[in-house]
Amino acid sequence: VQLVESGGGLVQAGGSLRLSCAASERTFSRYVMAWFRQAPGKEREFVGATTWNGGKTYYADSVKGRFTISKENAKNAVYLQMNNLNPEDTAVYYCASDRRAFYSDSIRARRSDYDVWGPGTQVTVSS
């Protein structure tokens with residue numbers, strides 16, 4: 001499976017962006033999918049994830065209530081809707097697949113749990 005993110009850009013504080021992650025294969029639909037982000041000089045951190053059918057989601061406290069993850073298996077896509085953005089959300093955003101979570105309802109939040117990554121898309125929030 002190959003993953004490619006899109007939808008990043010520059011937005012003012014309080015604005016919204018919707019990121020997309022496209023998978024190259026239909027097998028993507030079987031796996032837990034996550035979003036991570038990495039700001040300059042910081043470790044890559046978990047943003048949120050959804051189960052194989054989109055039935056369960058889990059978010060980091062820092063984005064809970066502002067970000068929403070959705071999955072559309074028919075289009076081999078997962079999305080990250082980001083609302084009420086602030087400058088602390090500035091980072092490169094990555095989507096990732098946990099291929100061990102095969103039709104699983106368990107969501108893991110460690111970077112090491114995910115084995116396929118996209119190249120990332122830059123999100124910059126100006127104050």
# chains A, B, ... in the order shown; residues from 1 in each chain; ligands from 1
$ select_by_dssp --residues "chain A" --states "strand (DSSP E or B)" --output "ChimeraX atom specification"
/A:3-6,9-12,17-23,31-38,45-50,57-59,67-72,77-82,91-102,116-117,121-126
$ write_last_selection --atoms "C-alpha atoms" --output "short mmCIF file (atom, residue, chain, number, x, y, z; two decimals), in the first residue's frame"
data_model
loop_
_atom_site.label_atom_id
_atom_site.label_comp_id
_atom_site.auth_asym_id
_atom_site.auth_seq_id
_atom_site.Cartn_x
_atom_site.Cartn_y
_atom_site.Cartn_z
CA LEU A 3 -0.26 6.57 0.71
CA VAL A 4 -0.30 10.15 -0.56
CA GLU A 5 -1.57 13.14 1.40
CA SER A 6 -3.02 16.33 -0.07
CA GLY A 9 -1.63 24.89 2.83
CA LEU A 10 -1.58 28.22 4.59
CA VAL A 11 -4.56 29.27 6.68
CA GLN A 12 -5.25 31.96 9.24
CA LEU A 17 -8.55 22.77 6.23
CA ARG A 18 -9.44 19.30 5.03
CA LEU A 19 -6.60 16.89 4.38
CA SER A 20 -7.00 13.82 2.23
CA CYS A 21 -4.99 10.62 2.10
CA ALA A 22 -5.29 8.41 -0.96
CA ALA A 23 -4.26 4.76 -0.87
CA TYR A 31 -6.56 -1.44 8.20
CA VAL A 32 -6.58 1.13 10.95
CA MET A 33 -5.59 4.49 9.48
CA ALA A 34 -4.03 7.33 11.44
CA TRP A 35 -2.88 10.90 11.11
CA PHE A 36 0.34 12.11 12.71
CA ARG A 37 2.06 15.47 12.58
CA GLN A 38 5.56 16.77 13.05
CA GLU A 45 3.04 12.99 17.30
CA PHE A 46 -0.22 11.11 17.02
CA VAL A 47 -3.22 13.20 15.94
CA GLY A 48 -5.95 10.61 15.59
CA ALA A 49 -6.99 7.36 13.96
CA THR A 50 -9.97 5.41 12.74
CA THR A 57 -12.14 7.02 16.13
CA TYR A 58 -9.62 8.18 18.69
CA TYR A 59 -7.99 11.60 19.00
CA PHE A 67 -10.41 17.64 14.25
CA THR A 68 -12.47 14.86 12.70
CA ILE A 69 -11.23 11.77 10.88
CA SER A 70 -13.38 9.95 8.36
CA LYS A 71 -12.73 7.01 6.07
CA GLU A 72 -14.27 6.25 2.70
CA ALA A 77 -9.41 7.50 1.11
CA VAL A 78 -9.18 8.85 4.64
CA TYR A 79 -9.74 12.46 5.58
CA LEU A 80 -8.77 14.85 8.35
CA GLN A 81 -11.12 17.78 8.81
CA MET A 82 -9.39 20.46 10.88
CA ALA A 91 3.30 20.94 11.10
CA VAL A 92 3.79 18.42 8.36
CA TYR A 93 0.84 16.05 8.52
CA TYR A 94 1.24 12.38 7.66
CA CYS A 95 -1.24 9.60 7.16
CA ALA A 96 -0.21 6.09 8.12
CA SER A 97 -1.52 2.57 7.99
CA ASP A 98 -1.31 -0.10 10.68
CA ARG A 99 -1.32 -3.29 8.64
CA ARG A 100 -1.25 -5.44 11.77
CA ALA A 101 -4.67 -4.02 12.65
CA PHE A 102 -6.39 -6.19 10.08
CA VAL A 116 3.20 2.48 5.88
CA TRP A 117 3.52 6.25 5.66
CA THR A 121 1.66 17.60 3.53
CA GLN A 122 2.54 20.95 5.09
CA VAL A 123 -0.03 22.84 7.15
CA THR A 124 0.85 26.37 8.23
CA VAL A 125 -1.41 28.40 10.48
CA SER A 126 -0.70 32.12 10.73
#
$ closest_residue --among "A:Gly65, A:Gly55, A:Gly120, A:Gly7" --to "Asn84 (chain A)" --atoms "only C-alpha atoms"
A:Gly65
$ select_by_dssp --residues "chain A" --states "helix (DSSP H, G or I)" --output "ChimeraX atom specification"
/A:26-30,73-75,87-89,111-113
$ write_last_selection --atoms "N, CA, C and O atoms" --output "compact mmCIF listing (two decimals), in the first residue's frame"
# COMPACT_ATOMS: atom_id res chain seq x y z
N ARG A 26 -6.85 -1.40 -2.77
CA ARG A 26 -8.11 -1.60 -2.05
C ARG A 26 -7.90 -2.27 -0.70
O ARG A 26 -8.75 -2.16 0.18
N THR A 27 -6.74 -2.93 -0.54
CA THR A 27 -6.48 -3.62 0.74
C THR A 27 -6.40 -2.63 1.90
O THR A 27 -6.52 -3.01 3.05
N PHE A 28 -6.19 -1.37 1.56
CA PHE A 28 -6.16 -0.31 2.57
C PHE A 28 -7.42 -0.33 3.44
O PHE A 28 -7.39 0.04 4.61
N SER A 29 -8.52 -0.76 2.85
CA SER A 29 -9.80 -0.73 3.56
C SER A 29 -9.82 -1.65 4.77
O SER A 29 -10.70 -1.54 5.62
N ARG A 30 -8.85 -2.54 4.90
CA ARG A 30 -8.84 -3.51 5.99
C ARG A 30 -8.16 -2.99 7.25
O ARG A 30 -8.24 -3.63 8.30
N ASN A 73 -13.93 3.90 2.31
CA ASN A 73 -13.26 2.75 1.70
C ASN A 73 -13.55 2.61 0.21
O ASN A 73 -12.71 2.15 -0.55
N ALA A 74 -14.72 3.03 -0.22
CA ALA A 74 -15.06 2.93 -1.64
C ALA A 74 -14.14 3.77 -2.51
O ALA A 74 -13.95 3.49 -3.69
N LYS A 75 -13.56 4.80 -1.90
CA LYS A 75 -12.64 5.68 -2.64
C LYS A 75 -11.20 5.49 -2.19
O LYS A 75 -10.32 6.26 -2.58
N PRO A 87 -1.91 28.47 15.56
CA PRO A 87 -0.51 28.35 15.11
C PRO A 87 0.20 27.10 15.63
O PRO A 87 1.12 26.60 14.97
N GLU A 88 -0.23 26.59 16.76
CA GLU A 88 0.39 25.37 17.32
C GLU A 88 0.08 24.13 16.48
O GLU A 88 0.70 23.07 16.66
N ASP A 89 -0.86 24.24 15.56
CA ASP A 89 -1.18 23.13 14.65
C ASP A 89 -0.27 23.10 13.43
O ASP A 89 -0.36 22.17 12.61
N ARG A 111 3.97 5.83 17.08
CA ARG A 111 4.51 5.91 15.71
C ARG A 111 4.99 4.54 15.24
O ARG A 111 4.79 4.18 14.06
N SER A 112 5.58 3.78 16.12
CA SER A 112 6.16 2.48 15.74
C SER A 112 5.09 1.44 15.40
O SER A 112 5.41 0.38 14.86
N ASP A 113 3.83 1.74 15.72
CA ASP A 113 2.77 0.79 15.40
C ASP A 113 2.34 0.86 13.94
O ASP A 113 1.60 0.00 13.47
$ atom_distance --atom1 "CA of Asn86 (chain A)" --atom2 "CA of Ala13 (chain A)"
4.7 Å
$ atom_distance --atom1 "CA of Ala109 (chain A)" --atom2 "CA of Leu85 (chain A)"
21.7 Å
$ closest_residue --among "A:Asn83, A:Ser127, A:Gln2, A:Ser104" --to "Ser16 (chain A)" --atoms "only C-alpha atoms"
A:Asn83
$ atom_distance --atom1 "CA of Ser62 (chain A)" --atom2 "CA of Arg44 (chain A)"
13.8 Å
$ closest_residue --among "A:Thr51, A:Pro119, A:Asn76, A:Arg66" --to "Ser106 (chain A)" --atoms "only C-alpha atoms"
A:Thr51
